[in-house]
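Below is one structure, written out as structure tokens; the observations come after it.
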Amino acid sequence: MFLLKKIKNQWEIISKSAASENSNQQGDKILFIVSNASFYGDSDIATGNSFSEITNAYTTFKNAGYTVDFVSPNGGSIPLTYIDTSDPLQKNLVYNKDFMYALKHTKKPIEIIAKNYKAVHYIGGGSAMYGVPENKDIQKIAMEIYEEHNGIISSVCHGTAGIVNLKTKDGRYVYEGKIVNGYPDSFEKKDAEYFKHWPFLIQKTIEERGGIFQFSKRNTSQVEVQGNLITGQNYLSSKDVALQIIERLKSKTN
């Protein structure tokens, strides 16, 4: 902090002060993939990125010393849903200016340097079904991290929609022959208005393309770890997915 004083019409520094605090940041970075979609397809039914899925994973990574960046298809602000300020963790972050600034100014894919990240993490919420799964630039980032830098691809809940089109260099789907988790088709409200605008079914698509989709009963956490592919069933799995990513990264370092 500088203290300035105007002397003879010129500003001069008359004192300086600084403060420091301990940090556990280690320089390793995780890339959260979020969506700009505010509505279900072309409808006027509002949706967003799951705030609880963001905050639970974000806090887990930050506490472990990781830096988290956000990328979306268009960059800039993203819609949020499922905000619960009675949850102390969410309340702390929704009023955190730096955190909310990051969500208001997400990066564009062109701004991302894949080699700088240890993992990508696809966030869920209804928005995850739109814009992200078909985005070629985001697909390229995820697969470069996975194939060229031995990084991790992860998702939670509807965020698993983001991996359905990911292919390896040999043309195979990244989840072929592997167990995948996410929000199951049978849990969707098929008589709800939003479902009429659903672009595809996550479980059905993955199974048709050679993946093995497994899930447990509602409102329980389930995580599947298949090497560098880590997926979770719902918002309750967010922290557990993050912990598995951290454990996997530690094991590779050791």
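The chains in the structure tokens are called A, B, ... from first to last as shown; in each chain the residues are counted from 1, and the ligands are counted from 1 in the order shown.
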For region 131-136 of chain A, list every protein, DNA or RNA residue within 10 Å, evaluated using only C-alpha atoms, and leave out those in the same chain fewer than 2 positions away; present the list as a tab-separated table (two decimals) with N, CA and C atoms, in the first residue's frame.
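around05.tsv written:
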chain	number	residue	atom	x	y	z
A	33	ILE	N	-14.76	-26.61	-16.23
A	33	ILE	CA	-15.46	-26.33	-17.48
A	33	ILE	C	-16.93	-26.08	-17.18
A	34	VAL	N	-17.40	-24.89	-17.53
A	34	VAL	CA	-18.76	-24.46	-17.23
A	34	VAL	C	-19.44	-23.98	-18.52
A	35	SER	N	-20.74	-23.74	-18.43
A	35	SER	CA	-21.53	-23.40	-19.61
A	35	SER	C	-22.09	-21.99	-19.52
A	36	ASN	N	-22.29	-21.35	-20.67
A	36	ASN	CA	-22.91	-20.03	-20.75
A	36	ASN	C	-24.42	-20.11	-20.91
A	37	ALA	N	-24.98	-21.32	-21.06
A	37	ALA	CA	-26.41	-21.48	-21.36
A	37	ALA	C	-27.28	-21.10	-20.17
A	41	GLY	N	-32.20	-25.24	-23.94
A	41	GLY	CA	-32.32	-25.15	-25.39
A	41	GLY	C	-32.87	-23.82	-25.84
A	72	SER	N	-15.41	-21.33	-20.30
A	72	SER	CA	-16.74	-21.57	-20.86
A	72	SER	C	-16.65	-21.37	-22.37
A	73	PRO	N	-17.61	-21.89	-23.13
A	73	PRO	CA	-17.54	-21.76	-24.59
A	73	PRO	C	-17.36	-20.32	-25.08
A	74	ASN	N	-18.07	-19.38	-24.46
A	74	ASN	CA	-18.01	-17.99	-24.90
A	74	ASN	C	-17.17	-17.10	-24.01
A	109	PRO	N	-11.95	-20.50	-24.50
A	109	PRO	CA	-11.04	-21.61	-24.82
A	109	PRO	C	-9.72	-21.16	-25.43
A	122	TYR	N	-15.64	-31.07	-15.39
A	122	TYR	CA	-16.90	-30.62	-15.98
A	122	TYR	C	-17.97	-30.48	-14.90
A	127	SER	N	-27.36	-26.35	-17.45
A	127	SER	CA	-26.55	-25.67	-18.45
A	127	SER	C	-25.53	-26.59	-19.11
A	128	ALA	N	-25.09	-27.59	-18.37
A	128	ALA	CA	-24.02	-28.48	-18.86
A	128	ALA	C	-24.41	-29.22	-20.13
A	129	MET	N	-25.70	-29.32	-20.40
A	129	MET	CA	-26.18	-30.05	-21.57
A	129	MET	C	-26.06	-29.24	-22.85
A	138	ILE	N	-13.10	-26.85	-26.57
A	138	ILE	CA	-13.03	-27.41	-25.22
A	138	ILE	C	-12.65	-28.89	-25.29
A	139	GLN	N	-13.19	-29.61	-26.28
A	139	GLN	CA	-12.81	-31.01	-26.45
A	139	GLN	C	-11.30	-31.14	-26.66
A	140	LYS	N	-10.75	-30.26	-27.48
A	140	LYS	CA	-9.32	-30.29	-27.77
A	140	LYS	C	-8.49	-30.05	-26.52
A	141	ILE	N	-8.92	-29.09	-25.71
A	141	ILE	CA	-8.22	-28.79	-24.46
A	141	ILE	C	-8.21	-30.02	-23.55
A	142	ALA	N	-9.40	-30.61	-23.35
A	142	ALA	CA	-9.53	-31.76	-22.46
A	142	ALA	C	-8.66	-32.92	-22.91
A	159	GLY	N	-22.63	-32.78	-15.61
A	159	GLY	CA	-21.35	-32.42	-16.22
A	159	GLY	C	-20.80	-33.54	-17.07
A	160	THR	N	-21.23	-34.79	-16.80
A	160	THR	CA	-20.79	-35.93	-17.59
A	160	THR	C	-21.22	-35.79	-19.05
A	161	ALA	N	-22.21	-34.95	-19.31
A	161	ALA	CA	-22.59	-34.67	-20.71
A	161	ALA	C	-21.41	-34.13	-21.49
A	162	GLY	N	-20.50	-33.46	-20.80
A	162	GLY	CA	-19.35	-32.85	-21.46
A	162	GLY	C	-18.36	-33.84	-22.02
A	163	ILE	N	-18.40	-35.09	-21.56
A	163	ILE	CA	-17.40	-36.05	-22.02
A	163	ILE	C	-17.93	-36.97	-23.12
A	164	VAL	N	-19.22	-36.87	-23.46
A	164	VAL	CA	-19.81	-37.87	-24.38
A	164	VAL	C	-19.17	-37.86	-25.76
A	165	ASN	N	-18.63	-36.71	-26.19
A	165	ASN	CA	-18.04	-36.61	-27.53
A	165	ASN	C	-16.52	-36.66	-27.53
A	166	LEU	N	-15.91	-36.90	-26.38
A	166	LEU	CA	-14.45	-36.90	-26.31
A	166	LEU	C	-13.87	-38.17	-26.91
Which of region 12-158 of chain A DSSP labels strand (DSSP E), written as a ChimeraX atom specification: /A:12-16,29-33,49-50,67-71,80-81,119-122,152-156
Point-to-point distance from CA of Thr59 (chain A) to CA of Leu103 (chain A), Å rounded to tenths: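 Computing it gives 14.4 Å between the two atoms.
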Selection: 7 Å around region 84-95 of chain A, only C-alpha atoms, excl. self and same-chain fewer than 3 positions, as a list in words: Ser52, Thr55, Phe99 and Met100 of chain A
Pick from A:Ile179, A:Val71, A:Ile202, A:Leu31 nearest to Ala242 (chain A), counting only C-alpha atoms: A:Leu31
